[in-house]
$ cat protein-v2.cif   # mmCIF, C-alpha atoms
data_start
loop_
_atom_site.label_atom_id
_atom_site.label_comp_id
_atom_site.auth_asym_id
_atom_site.auth_seq_id
_atom_site.Cartn_x
_atom_site.Cartn_y
_atom_site.Cartn_z
CA MET C 86 54.75 38.21 103.16
CA PRO C 87 54.93 38.42 99.30
CA PHE C 88 51.33 37.19 99.16
CA ALA C 89 50.25 39.79 101.72
CA LYS C 90 51.94 42.59 99.75
CA ALA C 91 50.36 41.44 96.52
CA LEU C 92 46.92 41.27 98.16
CA PHE C 93 47.38 44.78 99.61
CA ALA C 94 48.32 46.13 96.18
CA LEU C 95 45.30 44.41 94.65
CA LEU C 96 42.96 45.96 97.21
CA LEU C 97 44.38 49.42 96.46
CA LEU C 98 43.85 48.93 92.74
CA ALA C 99 40.29 47.82 93.34
CA LEU C 100 39.50 51.16 94.97
CA LEU C 101 40.48 53.08 91.84
CA PRO C 102 37.64 53.88 89.45
CA SER C 103 38.03 52.47 85.97
CA ARG C 104 37.02 55.68 84.23
CA GLY C 105 37.58 59.36 84.48
CA LEU C 106 41.38 59.28 84.10
CA GLY C 107 43.45 61.94 82.39
CA GLY C 108 41.45 64.83 83.86
CA LEU C 109 38.27 63.90 81.98
CA ALA C 110 34.96 63.87 83.82
CA PRO C 111 33.88 60.26 84.45
CA PRO C 112 30.80 58.99 82.61
CA PRO C 113 27.65 58.61 84.72
CA LYS C 114 27.26 55.46 86.77
CA LEU C 115 25.47 52.47 85.38
CA ASP C 116 22.00 52.42 86.92
CA VAL C 117 21.26 48.72 87.37
CA LEU C 118 17.96 47.18 88.45
CA VAL C 119 18.12 43.76 90.12
CA THR C 120 15.36 41.42 91.25
CA SER C 121 16.75 40.37 94.64
CA PRO C 122 18.57 41.91 97.61
CA TRP C 123 21.13 39.11 97.20
CA LEU C 124 21.86 40.35 93.68
CA ALA C 125 21.96 43.92 94.98
CA ILE C 126 24.71 42.97 97.47
CA VAL C 127 26.86 41.20 94.87
CA THR C 128 26.29 43.75 92.09
CA SER C 129 27.08 46.68 94.40
CA PHE C 130 30.39 45.11 95.39
CA VAL C 131 31.52 44.09 91.90
CA GLY C 132 30.30 47.35 90.36
CA GLY C 133 31.89 49.54 93.04
CA VAL C 134 31.97 53.24 92.22
CA ASN C 135 30.90 52.61 88.62
CA VAL C 136 27.44 51.27 89.45
CA SER C 137 24.27 52.37 91.21
CA VAL C 138 21.97 49.49 92.17
CA ARG C 139 18.23 49.31 92.81
CA SER C 140 16.42 46.17 93.87
CA VAL C 141 12.81 45.25 93.12
CA GLN C 142 12.68 43.47 96.48
CA GLU C 143 14.22 44.06 99.89
CA TRP C 144 14.25 42.53 103.37
CA ASN C 145 12.17 44.16 106.08
CA ALA C 146 13.15 44.44 109.75
CA ASP C 147 12.01 40.85 110.36
CA GLY C 148 14.14 39.53 107.50
CA ASP C 149 11.13 38.80 105.28
CA LEU C 150 11.22 39.57 101.57
CA THR C 151 9.04 42.52 100.55
CA ARG C 152 8.50 44.50 97.35
CA ARG C 153 10.28 47.80 97.00
CA ILE C 154 9.21 48.56 93.42
CA ARG C 155 5.65 47.72 92.37
CA ALA C 156 4.83 45.82 89.18
CA ARG C 157 3.16 48.91 87.65
CA ALA C 158 6.34 50.93 88.10
CA LEU C 159 8.31 48.19 86.35
CA GLN C 160 5.95 48.42 83.40
CA ASP C 161 6.68 52.14 83.10
CA MET C 162 10.49 51.91 83.15
CA PRO C 163 12.39 52.80 79.93
CA PRO C 164 13.08 49.86 77.59
CA ASP C 165 16.85 50.43 77.86
CA THR C 166 16.85 49.88 81.66
CA LEU C 167 19.76 47.68 82.73
CA ILE C 168 18.35 44.60 84.49
CA ILE C 169 19.93 41.56 86.18
CA ALA C 170 17.88 38.55 87.30
CA PHE C 171 18.78 35.01 88.32
CA ASP C 172 16.76 33.61 85.39
CA ASP C 173 13.58 34.28 83.45
CA ARG C 174 11.41 32.70 86.15
CA ASP C 175 12.88 35.08 88.70
CA ALA C 176 12.27 38.11 86.47
CA ARG C 177 8.68 37.14 85.71
CA SER C 178 7.95 36.39 89.38
CA VAL C 179 8.48 40.08 90.24
CA GLY C 180 6.44 41.29 87.25
CA LEU C 181 9.15 42.24 84.74
CA PRO C 182 7.82 42.22 81.15
CA LEU C 183 10.90 40.63 79.56
CA GLU C 184 9.85 41.30 75.98
CA LYS C 185 10.05 45.05 76.65
CA TYR C 186 13.65 45.39 77.82
CA ILE C 187 16.66 45.35 75.51
CA ASN C 188 19.28 45.30 78.30
CA TYR C 189 17.96 42.39 80.31
CA HIS C 190 20.63 39.95 81.55
CA ARG C 191 19.85 36.64 83.23
CA LEU C 192 22.64 34.94 85.16
CA TYR C 193 21.35 31.46 84.29
CA ASP C 194 19.26 30.02 81.48
CA LEU C 195 17.63 28.12 84.33
CA MET C 196 18.64 28.65 87.96
CA PRO C 197 20.05 25.34 89.27
CA ILE C 198 17.73 25.46 92.31
CA ASP C 199 14.09 26.35 92.85
CA GLU C 200 12.98 29.72 94.21
CA SER C 201 12.35 28.41 97.73
CA ARG C 202 16.05 27.53 98.13
CA VAL C 203 17.63 30.78 96.89
CA ASP C 204 18.47 31.93 100.42
CA SER C 205 20.28 28.67 101.18
CA PHE C 206 22.10 28.85 97.84
CA MET C 207 23.25 32.43 98.31
CA SER C 208 24.18 31.98 101.98
CA ASP C 209 26.89 29.52 100.96
CA PRO C 210 30.24 31.39 100.79
CA SER C 211 31.51 28.92 98.19
CA VAL C 212 28.71 29.88 95.79
CA LEU C 213 29.01 33.67 95.87
CA PRO C 214 32.20 34.00 93.75
CA PHE C 215 30.45 32.16 90.90
CA ILE C 216 27.47 34.53 91.13
CA ALA C 217 29.86 37.50 91.22
CA GLN C 218 31.62 36.23 88.08
CA ARG C 219 28.30 36.13 86.22
CA VAL C 220 27.46 39.62 87.45
CA LEU C 221 30.84 40.83 86.16
CA THR C 222 29.93 39.47 82.72
CA ALA C 223 26.72 41.50 82.68
CA LEU C 224 28.43 44.72 83.79
CA ALA C 225 31.26 44.30 81.26
CA ASP C 226 28.74 43.75 78.45
CA TRP C 227 27.21 47.13 79.24
CA ASP C 228 30.50 48.85 80.06
CA PRO C 229 33.42 47.16 78.21
CA ASN C 230 35.89 49.87 79.25
CA GLY C 231 35.14 49.10 82.88
CA TYR C 232 36.10 45.43 82.60
CA PRO C 233 39.55 45.78 84.27
CA TYR C 234 37.96 47.56 87.22
CA TYR C 235 35.19 44.98 87.61
CA GLN C 236 37.80 42.22 87.38
CA ARG C 237 39.77 43.81 90.22
CA ARG C 238 36.60 44.18 92.28
CA LEU C 239 35.79 40.50 91.70
CA ALA C 240 39.30 39.53 92.82
CA GLU C 241 38.89 41.67 95.93
CA PHE C 242 35.50 40.08 96.66
CA GLN C 243 36.99 36.59 96.38
CA ALA C 244 39.99 37.48 98.55
CA ARG C 245 37.90 39.11 101.27
CA LEU C 246 35.32 36.32 101.24
CA TYR C 247 38.11 33.77 101.66
CA SER C 248 39.63 35.85 104.46
CA SER C 249 36.30 36.14 106.32
CA THR C 250 35.63 32.41 105.99
CA LEU C 251 39.15 31.56 107.15
CA ALA C 252 38.75 33.85 110.15
CA GLY C 253 35.49 32.08 110.97
CA ARG C 254 37.20 28.69 110.86
CA GLN C 255 39.96 29.92 113.16
CA ILE C 256 37.48 30.71 115.93
CA LEU C 257 34.55 28.35 115.24
CA LYS C 258 36.08 25.12 113.96
CA ASP C 259 34.60 22.08 115.74
CA LYS C 260 32.40 24.28 117.95
CA PRO C 261 29.09 22.41 118.56
CA VAL C 262 26.03 24.06 117.03
CA TYR C 263 22.39 22.95 117.06
CA ASP C 264 21.26 24.30 113.71
CA LEU C 265 17.61 25.36 113.65
CA THR C 266 18.11 27.85 110.81
CA GLY C 267 16.07 27.86 107.65
CA HIS C 268 18.86 28.71 105.21
CA SER C 269 22.19 29.16 107.01
CA TRP C 270 23.48 25.59 107.22
CA ALA C 271 26.22 26.14 104.61
CA MET C 272 27.36 29.32 106.32
CA LEU C 273 27.88 27.42 109.59
CA CYS C 274 29.59 24.51 107.85
CA ALA C 275 31.94 26.89 106.02
CA ALA C 276 33.21 28.02 109.44
CA GLY C 277 33.89 24.42 110.42
CA CYS C 278 31.23 24.22 113.11
CA ASP C 279 30.19 20.79 114.38
CA VAL C 280 26.62 21.10 113.10
CA VAL C 281 23.73 18.97 114.40
CA ARG C 282 20.26 19.25 112.85
CA PRO C 283 16.94 17.89 114.15
CA SER C 284 15.48 14.84 112.47
CA PRO C 285 13.21 15.45 109.44
CA GLU C 286 10.27 14.22 111.50
CA ASP C 287 10.94 16.66 114.35
CA TRP C 288 11.53 19.51 111.90
CA ALA C 289 8.23 18.86 110.13
CA ALA C 290 6.34 18.68 113.43
CA TRP C 291 7.89 21.79 114.95
CA SER C 292 7.32 23.75 111.73
CA THR C 293 3.60 23.17 112.12
CA TRP C 294 3.45 23.99 115.84
CA HIS C 295 3.37 20.35 116.93
CA GLY C 296 5.59 18.63 119.48
CA LEU C 297 7.14 21.85 120.72
CA ASP C 298 7.63 20.35 124.17
CA ARG C 299 10.19 18.06 122.53
CA LEU C 300 11.83 21.11 120.92
CA LEU C 301 12.30 22.69 124.33
CA SER C 302 13.65 19.48 125.85
CA GLU C 303 16.10 19.00 122.96
CA VAL C 304 17.32 22.59 123.30
CA ALA C 305 17.75 22.14 127.05
CA ARG C 306 19.64 18.86 126.57
CA LEU C 307 22.01 20.21 123.93
CA THR C 308 22.56 23.47 125.76
CA GLU C 309 23.64 21.42 128.78
CA ALA C 310 26.08 19.65 126.44
CA LYS C 311 27.58 23.06 125.50
CA PHE C 312 25.86 23.37 122.11
CA THR C 313 24.91 26.82 120.88
CA VAL C 314 21.43 26.93 119.37
CA VAL C 315 21.30 28.97 116.16
CA ILE C 316 18.22 30.27 114.36
CA ASP C 317 17.72 32.78 111.56
CA CYS C 318 14.90 34.82 110.04
CA SER C 319 13.86 31.88 107.85
CA SER C 320 13.52 29.45 110.75
CA PRO C 321 9.87 28.39 111.13
CA ARG C 322 7.87 31.01 113.02
CA SER C 323 6.98 28.43 115.65
CA ILE C 324 10.66 27.82 116.47
CA ARG C 325 11.43 31.53 116.49
CA ALA C 326 8.48 32.24 118.76
CA TYR C 327 9.57 29.63 121.29
CA LEU C 328 13.30 30.30 121.25
CA ALA C 329 14.11 33.85 120.15
CA ALA C 330 14.20 35.27 123.70
CA LYS C 331 16.13 32.40 125.28
CA PRO C 332 19.67 33.35 126.36
CA ALA C 333 21.33 30.26 124.87
CA VAL C 334 20.03 31.04 121.35
CA PHE C 335 21.95 32.99 118.70
CA THR C 336 20.09 34.61 115.79
CA LEU C 337 21.90 35.03 112.49
CA ALA C 338 20.98 38.29 110.75
CA ARG C 339 20.24 39.14 107.13
CA PRO C 340 23.26 40.58 105.27
CA VAL C 341 23.54 44.35 105.10
CA GLY C 342 26.04 46.29 103.00
CA ASP C 343 29.38 44.61 102.29
CA TYR C 344 28.75 40.87 102.53
CA THR C 345 32.34 40.00 103.43
CA THR C 346 32.25 42.33 106.44
CA PHE C 347 28.82 41.02 107.39
CA LEU C 348 30.06 37.42 107.28
CA HIS C 349 33.10 38.25 109.40
CA ASP C 350 30.98 40.08 111.97
CA GLN C 351 28.41 37.27 112.16
CA TYR C 352 31.10 34.69 112.80
CA LEU C 353 32.65 36.91 115.44
CA ALA C 354 29.28 37.52 117.13
CA LEU C 355 28.61 33.78 117.20
CA TRP C 356 32.04 33.17 118.73
CA SER C 357 31.28 35.84 121.35
CA LYS C 358 28.02 34.05 122.19
CA MET C 359 29.76 30.70 122.50
CA SER C 360 32.66 31.94 124.57
CA GLU C 361 30.58 34.38 126.65
CA ARG C 362 33.19 37.01 125.89
CA PRO C 363 32.32 40.55 124.76
CA LEU C 364 32.98 41.59 121.20
CA PRO C 365 36.24 43.51 120.74
CA PRO C 366 36.07 47.10 119.44
CA ARG C 367 35.24 47.18 115.72
CA GLY C 368 38.70 48.46 114.79
CA ALA C 369 40.28 45.43 116.43
CA ARG C 370 37.93 42.79 115.01
CA ARG C 371 40.31 41.47 112.37
CA SER C 372 42.58 39.94 115.01
CA TYR C 373 41.53 37.50 117.68
#

$ encode --input "protein-v2.cif" --output "C-alpha cells"
Amino acid sequence: MPFAKALFALLLLALLPSRGLGGLAPPPKLDVLVTSPWLAIVTSFVGGVNVSVRSVQEWNADGDLTRRIRARALQDMPPDTLIIAFDDRDARSVGLPLEKYINYHRLYDLMPIDESRVDSFMSDPSVLPFIAQRVLTALADWDPNGYPYYQRRLAEFQARLYSSTLAGRQILKDKPVYDLTGHSWAMLCAAGCDVVRPSPEDWAAWSTWHGLDRLLSEVARLTEAKFTVVIDCSSPRSIRAYLAAKPAVFTLARPVGDYTTFLHDQYLALWSKMSERPLPPRGARRSY
C-alpha cells in the first residue's frame, strides 16, 4: 500500500505543468521536430504539456513509414528549430541539413543498431526508458526550468510501462505464440509468451513468396496445438497476404498516442484472441 500511495502521488505531480506558477502566464510550449514517429511518441510523453511535437515521418494506415514533411520544407525551417534525431545518419536520411541548425540534438553519437532494426529496437519495452532518458536530456538542455517536470514525466513513463508489461505477463505468461512478426518479438517475450519462430530457411523462403504451402501447413499444425499466430505490419507482405484474414491470426498494431496504454491494450486484445473471450469495457481494462 505505501508503494501504491507513493505511485499515485507521483502520477498527480506529473500532471502539473512545470511553469506558469504564481499567477504568471506560462511560456509558450517548446516546438520540437523529431525524425521518427517512435521519437514523437516518447517525446510527447516526456514533454507533456510543455512540448508540442512534429515528426518528419509518420505511419500510414498500413503501418508503413511515410514522409509527413518534405525535404524542401526542412531546408526552409528557421536555424533555431529544436530537433531530435536518433543519430546523424537518421537526421541525414530524412534530409535535415545538420550544419544549418543550432538546436540539433542526437540521442546517440552512433545508434547501436542499423536503420532496418529500429522498429525491433523501439518495440522492446526494456529499451524505451533509456530512450526517454535521452529525450529528457535534450528537453532539459532547451528548458532547464522544466527539468523537474520532465523528470516526473519520465518516472511516470517508467512506472506505467512497467505496469503495462506486468499486466501482460499476468495474462499471457507461457501462452504459446507462433511469431511471424517482423519487429514485435521482444514485445511478445516481455509478456512472457512461449514464443516459437519459423526456421531461418522457412522465413527466407516465405518472405520471397516461396514455399507458402508449408507456411499454411505449419499454421494449421500449430493452431491445432493451441498456438496463436501473430503477425504485424512489418511481417513480409507474402505472409500478411496469406494469413491476415484467417480467424486464428492476431495482428499487432502500430502504436498510437500514449505508448503505455497502447501496450496494455495490445496485450489485452491478444489475450482476448487466445481465450476467445470478449474485451471488457475500456473503463474496466486495468483489472482482469

$ closest_atom_pairs --input "protein-v2.cif" --of "region 164-220 of chain C" --to "region 276-294 of chain C" --cutoff "12 Å" --atoms "all atoms listed in the file" --output "Markdown table"
| residue | atom | partner | partner_atom | distance |
| --- | --- | --- | --- | --- |
| C:Asp209 | CA | C:Ala276 | CA | 10.7 |
| C:Pro210 | CA | C:Ala276 | CA | 9.7 |
| C:Ser211 | CA | C:Ala276 | CA | 11.4 |

$ closest_residue --input "protein-v2.cif" --among "C:Asn145, C:Arg153, C:Ile168, C:Cys274" --to "Val119 (chain C)" --atoms "only C-alpha atoms"
C:Ile168

$ closest_residue --input "protein-v2.cif" --among "C:Asp149, C:Gly180, C:Tyr234, C:Pro197" --to "Asp161 (chain C)" --atoms "only C-alpha atoms"
C:Gly180

$ resolve_selection --input "protein-v2.cif" --expression "the PyMOL selection byres ((chain C and resi 253-268) around 8)" --output "JSON list (two decimals) with C-alpha atoms, in the coordinates of the input"
[["chain", "number", "residue", "atom", "x", "y", "z"],
["C", 202, "ARG", "CA", 16.05, 27.53, 98.13],
["C", 204, "ASP", "CA", 18.47, 31.93, 100.42],
["C", 205, "SER", "CA", 20.28, 28.67, 101.18],
["C", 208, "SER", "CA", 24.18, 31.98, 101.98],
["C", 249, "SER", "CA", 36.30, 36.14, 106.32],
["C", 250, "THR", "CA", 35.63, 32.41, 105.99],
["C", 251, "LEU", "CA", 39.15, 31.56, 107.15],
["C", 252, "ALA", "CA", 38.75, 33.85, 110.15],
["C", 269, "SER", "CA", 22.19, 29.16, 107.01],
["C", 270, "TRP", "CA", 23.48, 25.59, 107.22],
["C", 271, "ALA", "CA", 26.22, 26.14, 104.61],
["C", 275, "ALA", "CA", 31.94, 26.89, 106.02],
["C", 276, "ALA", "CA", 33.21, 28.02, 109.44],
["C", 277, "GLY", "CA", 33.89, 24.42, 110.42],
["C", 278, "CYS", "CA", 31.23, 24.22, 113.11],
["C", 279, "ASP", "CA", 30.19, 20.79, 114.38],
["C", 280, "VAL", "CA", 26.62, 21.10, 113.10],
["C", 281, "VAL", "CA", 23.73, 18.97, 114.40],
["C", 282, "ARG", "CA", 20.26, 19.25, 112.85],
["C", 283, "PRO", "CA", 16.94, 17.89, 114.15],
["C", 307, "LEU", "CA", 22.01, 20.21, 123.93],
["C", 311, "LYS", "CA", 27.58, 23.06, 125.50],
["C", 312, "PHE", "CA", 25.86, 23.37, 122.11],
["C", 313, "THR", "CA", 24.91, 26.82, 120.88],
["C", 314, "VAL", "CA", 21.43, 26.93, 119.37],
["C", 315, "VAL", "CA", 21.30, 28.97, 116.16],
["C", 316, "ILE", "CA", 18.22, 30.27, 114.36],
["C", 317, "ASP", "CA", 17.72, 32.78, 111.56],
["C", 318, "CYS", "CA", 14.90, 34.82, 110.04],
["C", 319, "SER", "CA", 13.86, 31.88, 107.85],
["C", 320, "SER", "CA", 13.52, 29.45, 110.75],
["C", 321, "PRO", "CA", 9.87, 28.39, 111.13],
["C", 324, "ILE", "CA", 10.66, 27.82, 116.47],
["C", 349, "HIS", "CA", 33.10, 38.25, 109.40],
["C", 352, "TYR", "CA", 31.10, 34.69, 112.80],
["C", 353, "LEU", "CA", 32.65, 36.91, 115.44],
["C", 356, "TRP", "CA", 32.04, 33.17, 118.73]]

$ closest_residue --input "protein-v2.cif" --among "C:Ala333, C:Ala338, C:Met272, C:Leu355" --to "Leu301 (chain C)" --atoms "only C-alpha atoms"
C:Ala333

$ decode --input "protein-v2.cif" --residues "region 200-241 of chain C" --atoms "C-alpha atoms" --output "short mmCIF file (atom, residue, chain, number, x, y, z; two decimals), in the first residue's frame"
data_model
loop_
_atom_site.label_atom_id
_atom_site.label_comp_id
_atom_site.auth_asym_id
_atom_site.auth_seq_id
_atom_site.Cartn_x
_atom_site.Cartn_y
_atom_site.Cartn_z
CA GLU C 200 18.19 1.62 -39.53
CA SER C 201 16.44 -1.59 -40.62
CA ARG C 202 16.16 -2.74 -36.99
CA VAL C 203 14.82 0.46 -35.39
CA ASP C 204 11.28 -0.93 -35.14
CA SER C 205 12.51 -4.04 -33.32
CA PHE C 206 14.68 -1.90 -31.03
CA MET C 207 11.88 0.50 -30.13
CA SER C 208 9.24 -2.22 -29.73
CA ASP C 209 11.19 -3.64 -26.79
CA PRO C 210 9.65 -2.29 -23.54
CA SER C 211 13.01 -2.63 -21.79
CA VAL C 212 14.63 -0.20 -24.24
CA LEU C 213 12.12 2.65 -24.13
CA PRO C 214 13.06 4.06 -20.68
CA PHE C 215 16.64 4.55 -21.90
CA ILE C 216 15.40 6.41 -24.98
CA ALA C 217 13.10 8.50 -22.77
CA GLN C 218 16.04 9.40 -20.51
CA ARG C 219 17.99 10.70 -23.50
CA VAL C 220 14.97 12.67 -24.68
CA LEU C 221 14.69 14.22 -21.20
CA THR C 222 18.30 15.40 -21.52
CA ALA C 223 17.51 17.18 -24.78
CA LEU C 224 14.38 18.87 -23.40
CA ALA C 225 16.15 19.97 -20.21
CA ASP C 226 19.00 21.47 -22.26
CA TRP C 227 16.48 23.67 -24.04
CA ASP C 228 14.29 24.28 -20.99
CA PRO C 229 16.35 23.99 -17.75
CA ASN C 230 13.48 25.26 -15.59
CA GLY C 231 11.32 22.42 -16.84
CA TYR C 232 13.72 19.71 -15.68
CA PRO C 233 11.74 18.71 -12.54
CA TYR C 234 8.60 18.31 -14.63
CA TYR C 235 10.34 16.24 -17.31
CA GLN C 236 11.89 14.10 -14.57
CA ARG C 237 8.44 13.41 -13.12
CA ARG C 238 7.09 12.59 -16.57
CA LEU C 239 9.98 10.16 -17.12
CA ALA C 240 9.24 8.49 -13.78
CA GLU C 241 5.58 8.20 -14.75
#
